[in-house]
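Note: the block below is work-v3.cif and it holds mmCIF, C-alpha atoms.
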```
data_entry
loop_
_atom_site.label_atom_id
_atom_site.label_comp_id
_atom_site.auth_asym_id
_atom_site.auth_seq_id
_atom_site.Cartn_x
_atom_site.Cartn_y
_atom_site.Cartn_z
CA MET A 1 -108.95 -225.23 -83.84
CA SER A 2 -106.87 -223.35 -86.39
CA GLY A 3 -104.25 -220.99 -85.07
CA ALA A 4 -102.95 -220.72 -81.50
CA THR A 5 -103.97 -223.19 -78.80
CA THR A 6 -105.72 -221.57 -75.85
CA VAL A 7 -104.69 -222.32 -72.27
CA SER A 8 -107.89 -224.27 -71.58
CA GLU A 9 -107.46 -226.30 -74.77
CA TYR A 10 -103.90 -227.11 -73.76
CA GLN A 11 -104.91 -228.06 -70.21
CA ALA A 12 -107.66 -230.31 -71.50
CA THR A 13 -105.22 -232.49 -73.41
CA HIS A 14 -101.95 -232.21 -71.49
CA THR A 15 -100.66 -232.53 -67.97
CA VAL A 16 -99.89 -228.90 -67.20
CA PRO A 17 -96.25 -228.16 -66.24
CA GLY A 18 -97.18 -227.07 -62.72
CA ARG A 19 -98.85 -230.36 -61.95
CA MET A 20 -95.95 -232.30 -63.45
CA GLY A 21 -93.56 -230.24 -61.33
CA ILE A 22 -95.46 -231.05 -58.14
CA TRP A 23 -95.37 -234.76 -59.00
CA TRP A 24 -91.59 -234.64 -59.54
CA PHE A 25 -91.25 -232.90 -56.20
CA LEU A 26 -93.43 -235.54 -54.53
CA ALA A 27 -91.28 -238.27 -56.12
CA SER A 28 -88.24 -236.80 -54.36
CA GLU A 29 -90.28 -236.55 -51.16
CA ILE A 30 -91.11 -240.26 -51.41
CA MET A 31 -87.36 -240.96 -51.34
CA VAL A 32 -86.79 -238.60 -48.39
CA PHE A 33 -89.45 -240.28 -46.26
CA GLY A 34 -88.77 -243.68 -47.84
CA GLY A 35 -85.14 -243.70 -46.74
CA PHE A 36 -86.14 -242.65 -43.26
CA LEU A 37 -88.92 -245.25 -42.99
CA ALA A 38 -86.62 -247.97 -44.35
CA ILE A 39 -84.03 -247.28 -41.64
CA TYR A 40 -86.75 -247.31 -38.99
CA ILE A 41 -88.21 -250.61 -40.23
CA LEU A 42 -84.78 -252.27 -40.45
CA TYR A 43 -83.68 -251.07 -37.00
CA ARG A 44 -86.95 -252.23 -35.55
CA MET A 45 -86.61 -255.70 -37.14
CA ALA A 46 -83.02 -255.92 -35.88
CA SER A 47 -84.11 -254.96 -32.37
CA GLY A 48 -86.03 -258.26 -32.14
CA GLY A 49 -89.00 -256.82 -30.27
CA ALA A 50 -86.96 -254.92 -27.69
CA TRP A 51 -88.71 -251.71 -28.74
CA ALA A 52 -92.17 -252.96 -27.85
CA GLU A 53 -91.88 -251.70 -24.28
CA MET A 54 -90.91 -248.20 -25.44
CA ALA A 55 -93.52 -248.17 -28.23
CA ASN A 56 -96.18 -249.05 -25.65
CA HIS A 57 -96.04 -245.55 -24.22
CA VAL A 58 -97.34 -243.68 -27.27
CA SER A 59 -101.09 -243.05 -27.19
CA ALA A 60 -102.93 -244.99 -29.90
CA PRO A 61 -106.26 -243.17 -29.20
CA ILE A 62 -104.62 -239.75 -29.69
CA GLY A 63 -102.85 -241.03 -32.81
CA THR A 64 -106.16 -242.39 -34.15
CA PHE A 65 -107.87 -239.06 -33.46
CA ASN A 66 -105.12 -237.18 -35.31
CA THR A 67 -105.36 -239.61 -38.23
CA ILE A 68 -109.09 -238.85 -38.53
CA ILE A 69 -108.29 -235.10 -38.46
CA LEU A 70 -105.78 -235.51 -41.30
CA LEU A 71 -108.03 -237.79 -43.39
CA THR A 72 -110.86 -235.27 -43.00
CA SER A 73 -108.58 -232.38 -43.98
CA SER A 74 -107.72 -234.30 -47.15
CA LEU A 75 -111.45 -234.57 -47.85
CA THR A 76 -112.02 -230.82 -47.38
CA MET A 77 -108.94 -230.04 -49.52
CA VAL A 78 -110.18 -232.12 -52.43
CA LYS A 79 -113.68 -230.64 -51.97
CA ALA A 80 -112.08 -227.18 -52.30
CA PHE A 81 -110.52 -228.33 -55.58
CA GLU A 82 -113.88 -229.69 -56.76
CA ALA A 83 -115.54 -226.37 -55.86
CA ILE A 84 -112.83 -224.52 -57.86
CA ASP A 85 -113.59 -226.74 -60.84
CA ASN A 86 -117.30 -226.02 -60.51
CA GLU A 87 -116.68 -222.26 -60.22
CA LYS A 88 -118.12 -222.17 -56.69
CA ARG A 89 -115.84 -219.58 -55.14
CA LYS A 90 -117.55 -219.20 -51.78
CA GLN A 91 -117.61 -222.96 -51.28
CA ALA A 92 -113.94 -223.25 -52.26
CA THR A 93 -113.01 -220.54 -49.75
CA ASN A 94 -114.94 -222.31 -46.98
CA PHE A 95 -113.33 -225.67 -47.68
CA LEU A 96 -109.87 -224.06 -47.72
CA LEU A 97 -110.66 -222.47 -44.35
CA ILE A 98 -111.71 -225.83 -42.84
CA THR A 99 -108.56 -227.47 -44.26
CA VAL A 100 -106.33 -224.85 -42.64
CA ILE A 101 -108.16 -225.22 -39.30
CA LEU A 102 -107.83 -229.02 -39.41
CA GLY A 103 -104.11 -228.69 -40.23
CA LEU A 104 -103.66 -226.44 -37.20
CA ALA A 105 -105.72 -228.87 -35.10
CA PHE A 106 -103.39 -231.71 -36.10
CA LEU A 107 -100.38 -229.62 -35.01
CA GLY A 108 -102.14 -228.71 -31.75
CA VAL A 109 -102.86 -232.35 -30.91
CA LYS A 110 -99.28 -233.26 -31.82
CA ALA A 111 -97.94 -230.49 -29.57
CA PHE A 112 -100.12 -231.77 -26.71
CA GLU A 113 -98.82 -235.28 -27.36
CA TYR A 114 -95.17 -234.17 -27.38
CA SER A 115 -95.57 -232.19 -24.17
CA SER A 116 -97.27 -235.05 -22.31
CA GLU A 117 -94.59 -237.50 -23.50
CA ILE A 118 -91.76 -235.16 -22.51
CA ALA A 119 -93.49 -234.61 -19.13
CA LEU A 120 -93.28 -238.37 -18.60
CA GLY A 121 -89.57 -238.23 -19.40
CA PHE A 122 -89.71 -239.58 -22.96
CA THR A 123 -87.38 -237.30 -24.91
CA PRO A 124 -85.50 -237.93 -28.17
CA LEU A 125 -82.64 -239.20 -26.01
CA SER A 126 -84.75 -241.82 -24.19
CA GLY A 127 -83.90 -244.65 -26.58
CA THR A 128 -83.73 -245.57 -30.25
CA PHE A 129 -87.51 -245.81 -30.61
CA TRP A 130 -88.02 -242.36 -29.16
CA ALA A 131 -85.25 -240.87 -31.34
CA PHE A 132 -87.03 -242.26 -34.42
CA TYR A 133 -90.44 -241.23 -33.08
CA TYR A 134 -89.47 -237.58 -32.66
CA ALA A 135 -87.45 -237.44 -35.89
CA LEU A 136 -90.18 -239.04 -38.05
CA THR A 137 -93.14 -237.19 -36.54
CA GLY A 138 -91.04 -234.00 -36.41
CA LEU A 139 -90.17 -234.18 -40.12
CA HIS A 140 -93.79 -234.96 -40.90
CA GLY A 141 -94.92 -232.10 -38.64
CA LEU A 142 -92.67 -229.67 -40.52
CA HIS A 143 -94.34 -230.81 -43.74
CA ILE A 144 -97.73 -230.12 -42.13
CA VAL A 145 -96.51 -226.62 -41.18
CA ALA A 146 -95.43 -226.01 -44.79
CA GLY A 147 -98.79 -227.31 -46.06
CA VAL A 148 -100.74 -225.10 -43.66
CA ILE A 149 -98.75 -222.05 -44.85
CA PHE A 150 -99.36 -223.00 -48.50
CA ASN A 151 -103.09 -223.57 -47.87
CA ALA A 152 -103.44 -220.44 -45.72
CA SER A 153 -101.86 -218.27 -48.43
CA LEU A 154 -104.38 -219.64 -50.93
CA LEU A 155 -107.16 -219.02 -48.40
CA VAL A 156 -106.11 -215.36 -48.03
CA MET A 157 -106.07 -215.00 -51.83
CA ALA A 158 -109.50 -216.65 -52.05
CA MET A 159 -110.91 -214.30 -49.39
CA LYS A 160 -109.49 -211.28 -51.18
CA GLY A 161 -110.75 -212.62 -54.49
CA THR A 162 -107.28 -212.53 -56.07
CA LEU A 163 -107.16 -216.33 -56.44
CA TRP A 164 -109.20 -215.96 -59.61
CA PRO A 165 -109.04 -215.97 -62.58
CA ASN A 166 -105.42 -217.02 -63.08
CA THR A 167 -104.12 -218.82 -60.00
CA GLN A 168 -106.97 -221.04 -58.81
CA HIS A 169 -105.20 -224.14 -60.16
CA ARG A 170 -102.72 -223.75 -57.28
CA VAL A 171 -105.41 -225.25 -55.05
CA GLU A 172 -104.92 -228.50 -56.96
CA TYR A 173 -101.13 -228.35 -56.48
CA ALA A 174 -101.45 -227.55 -52.78
CA GLY A 175 -103.91 -230.44 -52.57
CA LEU A 176 -101.50 -232.91 -54.17
CA TYR A 177 -98.87 -231.96 -51.59
CA TRP A 178 -101.40 -232.09 -48.74
CA HIS A 179 -102.63 -235.57 -49.74
CA PHE A 180 -99.03 -236.77 -49.97
CA VAL A 181 -98.38 -235.62 -46.40
CA ASP A 182 -101.58 -237.48 -45.46
CA ILE A 183 -100.23 -240.67 -47.11
CA VAL A 184 -96.98 -240.36 -45.14
CA TRP A 185 -99.05 -240.22 -41.95
CA ILE A 186 -101.09 -243.24 -43.09
CA PHE A 187 -97.83 -245.23 -42.84
CA LEU A 188 -96.34 -243.44 -39.82
CA PHE A 189 -99.45 -244.14 -37.75
CA PRO A 190 -99.25 -247.98 -37.80
CA LEU A 191 -95.43 -247.90 -37.71
CA LEU A 192 -95.29 -245.81 -34.54
CA TYR A 193 -98.64 -246.33 -32.82
CA LEU A 194 -99.96 -249.78 -33.67
CA SER A 195 -97.09 -252.25 -34.15
CA TYR A 196 -96.02 -252.77 -30.56
CA MET B 1 -113.31 -223.60 -68.16
CA THR B 2 -115.64 -226.54 -68.78
CA ASP B 3 -113.12 -228.42 -70.91
CA THR B 4 -110.51 -228.28 -68.13
CA LYS B 5 -112.79 -229.96 -65.60
CA HIS B 6 -111.53 -233.04 -63.85
CA ALA B 7 -113.43 -236.17 -62.95
CA HIS B 8 -114.71 -235.84 -59.39
CA PRO B 9 -115.83 -239.05 -57.73
CA ASN B 10 -117.96 -238.96 -54.55
CA TYR B 11 -115.24 -237.90 -52.13
CA ILE B 12 -117.34 -238.33 -49.01
CA VAL B 13 -117.82 -242.04 -49.75
CA ILE B 14 -114.04 -242.36 -50.26
CA TRP B 15 -113.42 -240.57 -46.96
CA ALA B 16 -115.88 -242.93 -45.22
CA TRP B 17 -113.94 -245.92 -46.60
CA LEU B 18 -110.67 -244.44 -45.31
CA VAL B 19 -112.12 -243.96 -41.82
CA PHE B 20 -113.58 -247.50 -41.90
CA LEU B 21 -110.18 -248.94 -42.88
CA LEU B 22 -108.55 -246.92 -40.10
CA ALA B 23 -111.09 -248.32 -37.62
CA ILE B 24 -110.50 -251.96 -38.56
CA SER B 25 -106.71 -251.54 -38.36
CA VAL B 26 -107.03 -250.05 -34.86
CA VAL B 27 -109.43 -252.81 -33.76
CA ALA B 28 -107.16 -255.52 -35.26
CA VAL B 29 -104.48 -254.72 -32.68
CA TYR B 30 -106.80 -255.90 -29.88
CA LEU B 31 -107.80 -259.16 -31.59
CA PRO B 32 -106.11 -262.40 -30.43
CA PHE B 33 -104.06 -263.08 -33.54
CA SER B 34 -100.32 -263.64 -33.65
CA GLN B 35 -98.18 -260.52 -33.93
CA TRP B 36 -97.07 -261.34 -37.48
CA ILE B 37 -100.64 -261.68 -38.73
CA THR B 38 -101.69 -258.44 -37.02
CA VAL B 39 -98.67 -256.45 -38.26
CA THR B 40 -99.07 -257.78 -41.82
CA PHE B 41 -102.78 -256.97 -41.74
CA ILE B 42 -102.42 -253.38 -40.53
CA PHE B 43 -99.73 -252.63 -43.12
CA VAL B 44 -101.78 -254.13 -45.94
CA VAL B 45 -104.68 -251.92 -44.78
CA ALA B 46 -102.32 -248.89 -44.67
CA ALA B 47 -101.18 -249.64 -48.22
CA VAL B 48 -104.79 -249.90 -49.40
CA LYS B 49 -105.57 -246.53 -47.74
CA ALA B 50 -102.53 -244.94 -49.41
CA VAL B 51 -103.58 -246.27 -52.82
CA ILE B 52 -107.14 -244.95 -52.31
CA VAL B 53 -105.81 -241.47 -51.41
CA ALA B 54 -103.42 -241.47 -54.39
CA MET B 55 -105.98 -242.78 -56.88
CA TYR B 56 -108.95 -240.60 -55.93
CA PHE B 57 -107.85 -237.58 -53.85
CA MET B 58 -104.66 -237.12 -55.91
CA HIS B 59 -106.46 -238.17 -59.13
CA LEU B 60 -103.77 -240.64 -60.13
CA LYS B 61 -106.54 -242.81 -61.53
CA PHE B 62 -107.33 -240.11 -64.07
CA GLU B 63 -103.75 -239.02 -64.84
CA GLU B 64 -101.70 -239.83 -67.92
CA SER B 65 -99.24 -242.72 -67.65
CA LEU B 66 -96.12 -240.50 -67.30
CA VAL B 67 -97.44 -239.04 -64.04
CA ARG B 68 -98.21 -242.54 -62.77
CA TYR B 69 -94.65 -243.64 -63.50
CA ILE B 70 -93.26 -240.60 -61.65
CA ALA B 71 -95.32 -241.64 -58.64
CA ILE B 72 -94.77 -245.40 -58.76
CA ILE B 73 -91.04 -245.66 -59.53
CA PRO B 74 -89.83 -244.06 -56.26
CA VAL B 75 -92.20 -246.35 -54.34
CA LEU B 76 -90.67 -249.38 -56.08
CA LEU B 77 -87.16 -248.05 -55.31
CA PHE B 78 -88.17 -247.72 -51.65
CA ILE B 79 -89.49 -251.31 -51.56
CA ILE B 80 -86.38 -252.70 -53.31
CA MET B 81 -84.07 -250.77 -50.99
CA THR B 82 -85.87 -251.98 -47.86
CA LEU B 83 -86.15 -255.62 -48.95
CA SER B 84 -82.54 -255.81 -50.11
CA LEU B 85 -81.33 -254.55 -46.71
CA ILE B 86 -83.46 -256.90 -44.60
CA PRO B 87 -80.85 -259.73 -44.61
CA ASP B 88 -78.45 -257.23 -43.04
CA THR B 89 -80.64 -256.88 -39.95
CA VAL B 90 -79.91 -260.53 -39.08
CA TYR B 91 -76.29 -259.64 -38.33
CA ASN B 92 -77.25 -256.76 -36.09
CA ARG B 93 -79.36 -258.71 -33.65
#
```

Once more with this new file: its structure as structure tokens, please.
Amino acid sequence: MSGATTVSEYQATHTVPGRMGIWWFLASEIMVFGGFLAIYILYRMASGGAWAEMANHVSAPIGTFNTIILLTSSLTMVKAFEAIDNEKRKQATNFLLITVILGLAFLGVKAFEYSSEIALGFTPLSGTFWAFYYALTGLHGLHIVAGVIFNASLLVMAMKGTLWPNTQHRVEYAGLYWHFVDIVWIFLFPLLYLSY
Amino acid sequence: MTDTKHAHPNYIVIWAWLVFLLAISVVAVYLPFSQWITVTFIFVVAAVKAVIVAMYFMHLKFEESLVRYIAIIPVLLFIIMTLSLIPDTVYNR
């Protein structure tokens, strides 16, 4: 152990700066979504149940289906990270691919949901509930788009083989972000789909 | 690379728990309990799911305490902010 500390020795004993940076970023994201969710919760409490009629029109089965998609994509993302740790490159690439596909599937289902709601006349201007619904799911959807881009760029690097040997830890960082977006949905789902 | 390895629990079991918790929160809506009990239940379940994702998928369980503080403090701020504003909703009814 005399002399300079190697990267792997450092990483074994410290939280690496990249990971710390992602956590700081996620802390700020908690406040972004937190402020939004707080306003929604308070408005809804103040409405005294008047929103129930509006909230009845969102589809709980579709929301449940999309929740399963997102939970499963979190599983495949963390499995990609596990594969990276175990030096299984092919497996990591496959799990990244499935994660990207599931992210796109979530967006596809959400797009179908939006279009069927708009077809029924429920737009962001149809009432306070719908304004919150589109704003909250829209902001979350943009985060999914960002996550899909992040994951897809890592997938391309993995397929080309350029992810290794120096940048494979980015899969962990992308995963932290992806799981955070999953957690946001874990709260959005009951707030928007179940509490009518 | 071996000394940089992280602890990896059985993620499939954790995923199965998450789907199970999702299922019981969806079913709870159709059970004949009062709205307050149902709403409280589904949000407790959501909080449990969030903690499971943070602890195992995001490895918070295995992180050093500084990272845990970075994650927990904004959540506490969110809870304090929401609770402290609840009395205000009474005047907006």

Within 7 Å of chain B, which residues of chain A come that close, and what is the closest atom pair and distance in Å for each? Count all atoms listed in the file and give it as a Markdown table.
```
| residue | atom | partner | partner_atom | distance |
| --- | --- | --- | --- | --- |
| A:Ser8 | CA | B:Thr4 | CA | 5.9 |
| A:Gln11 | CA | B:Thr4 | CA | 6.0 |
| A:Ala12 | CA | B:Thr4 | CA | 4.9 |
| A:Met20 | CA | B:Val67 | CA | 6.9 |
| A:Trp23 | CA | B:Ile70 | CA | 6.8 |
| A:Trp24 | CA | B:Ile70 | CA | 6.5 |
| A:Ala27 | CA | B:Ala71 | CA | 5.8 |
| A:Ile30 | CA | B:Pro74 | CA | 6.3 |
| A:Met31 | CA | B:Pro74 | CA | 6.3 |
| A:Gly34 | CA | B:Phe78 | CA | 5.6 |
| A:Ala38 | CA | B:Thr82 | CA | 5.4 |
| A:Leu42 | CA | B:Thr89 | CA | 6.2 |
| A:Met45 | CA | B:Thr89 | CA | 6.7 |
| A:Ala46 | CA | B:Thr89 | CA | 4.8 |
| A:Ser47 | CA | B:Arg93 | CA | 6.2 |
| A:Gly48 | CA | B:Arg93 | CA | 6.9 |
| A:Ile68 | CA | B:Val19 | CA | 6.8 |
| A:Leu75 | CA | B:Trp15 | CA | 6.4 |
| A:Val78 | CA | B:Phe57 | CA | 6.1 |
| A:Glu82 | CA | B:His8 | CA | 6.7 |
| A:Asp85 | CA | B:Lys5 | CA | 5.8 |
| A:Leu176 | CA | B:Met58 | CA | 5.5 |
| A:His179 | CA | B:Met58 | CA | 6.7 |
| A:Ile183 | CA | B:Ala50 | CA | 5.4 |
| A:Ile186 | CA | B:Ala46 | CA | 6.0 |
| A:Phe187 | CA | B:Ala46 | CA | 6.1 |
| A:Pro190 | CA | B:Ile42 | CA | 6.8 |
| A:Leu194 | CA | B:Val29 | CA | 6.8 |
| A:Ser195 | CA | B:Val39 | CA | 6.1 |
```

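Using all atoms listed in the file for every distance, the candidate list A:Leu104, A:Ile69, A:Met54, A:Ile39 yields A:Leu104 as the residue closest to Leu142 in chain A.
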
Running the PyMOL selection byres ((chain A and resi 60-63) around 7) on this model by hand, what would come out? Give it as a short mmCIF file (atom, residue, chain, number, x, y, z; two decimals) with C-alpha atoms, keeping the file's coordinate frame.
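Heads up, here's the output in result16.cif:
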```cif
data_model
loop_
_atom_site.label_atom_id
_atom_site.label_comp_id
_atom_site.auth_asym_id
_atom_site.auth_seq_id
_atom_site.Cartn_x
_atom_site.Cartn_y
_atom_site.Cartn_z
CA VAL A 58 -97.34 -243.68 -27.27
CA SER A 59 -101.09 -243.05 -27.19
CA THR A 64 -106.16 -242.39 -34.15
CA PHE A 65 -107.87 -239.06 -33.46
CA ASN A 66 -105.12 -237.18 -35.31
CA THR A 67 -105.36 -239.61 -38.23
CA PHE A 189 -99.45 -244.14 -37.75
CA TYR A 193 -98.64 -246.33 -32.82
CA LEU A 194 -99.96 -249.78 -33.67
#
```

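Note that the spacing between CA of Asn151 in chain A and CA of Ser116 in chain A amounts to 28.6 Å.
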
- Item | From A:Ala152, A:Ala131, A:Ile84, A:Val184, residue lying nearest Leu102 in chain A [only C-alpha atoms] | A:Ala152

- Can you pull out every residue within 8 Å of Tyr173 in chain A, counting only C-alpha atoms, but drop anything in the same chain fewer than 4 positions away, and send it as an MDAnalysis selection string? chainID A and resid 18:19 22 169 177

Serialized selection, C-alpha atoms, as a PDB file, in the frame of the given file:
```pdb
ATOM      1  CA  GLY A  18     -97.180-227.070 -62.720  1.00  0.00           C
ATOM      2  CA  ARG A  19     -98.850-230.360 -61.950  1.00  0.00           C
ATOM      3  CA  ILE A  22     -95.460-231.050 -58.140  1.00  0.00           C
ATOM      4  CA  HIS A 169    -105.200-224.140 -60.160  1.00  0.00           C
ATOM      5  CA  TYR A 177     -98.870-231.960 -51.590  1.00  0.00           C
TER       6      TYR A 177
END
```

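What separates CA of Ala111 in chain A from CA of Leu125 in chain A is a distance of 18.0 Å.
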
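The nearest approach to Gly49 in chain A among the residues A:Val181, A:Phe129, A:Phe150, A:Pro165, with only C-alpha atoms taken into account, belongs to A:Phe129.
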
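As for CA of Thr93 in chain A and CA of Met157 in chain A, they are spaced 9.1 Å apart.
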
- Task: Select, counting only C-alpha atoms, all protein, DNA and RNA residues no farther than 12 Å from (-95.4, -235.8, -43.9) in file coordinates, and express the selection as a PyMOL selection string.
- Result: chain A and resi 26+29-30+32-34+36-37+70+103+106-107+135-148+177-189

Assuming 6 Å of padding per side, give the centre and edge lengths of the axis-aligned box around every listed atom of range 71-78 of chain B, in Å to one decimal and as JSON.
```
{"center_x": -91.2, "center_y": -245.5, "center_z": -55.6, "size_x": 20.2, "size_y": 19.7, "size_z": 19.9}
```
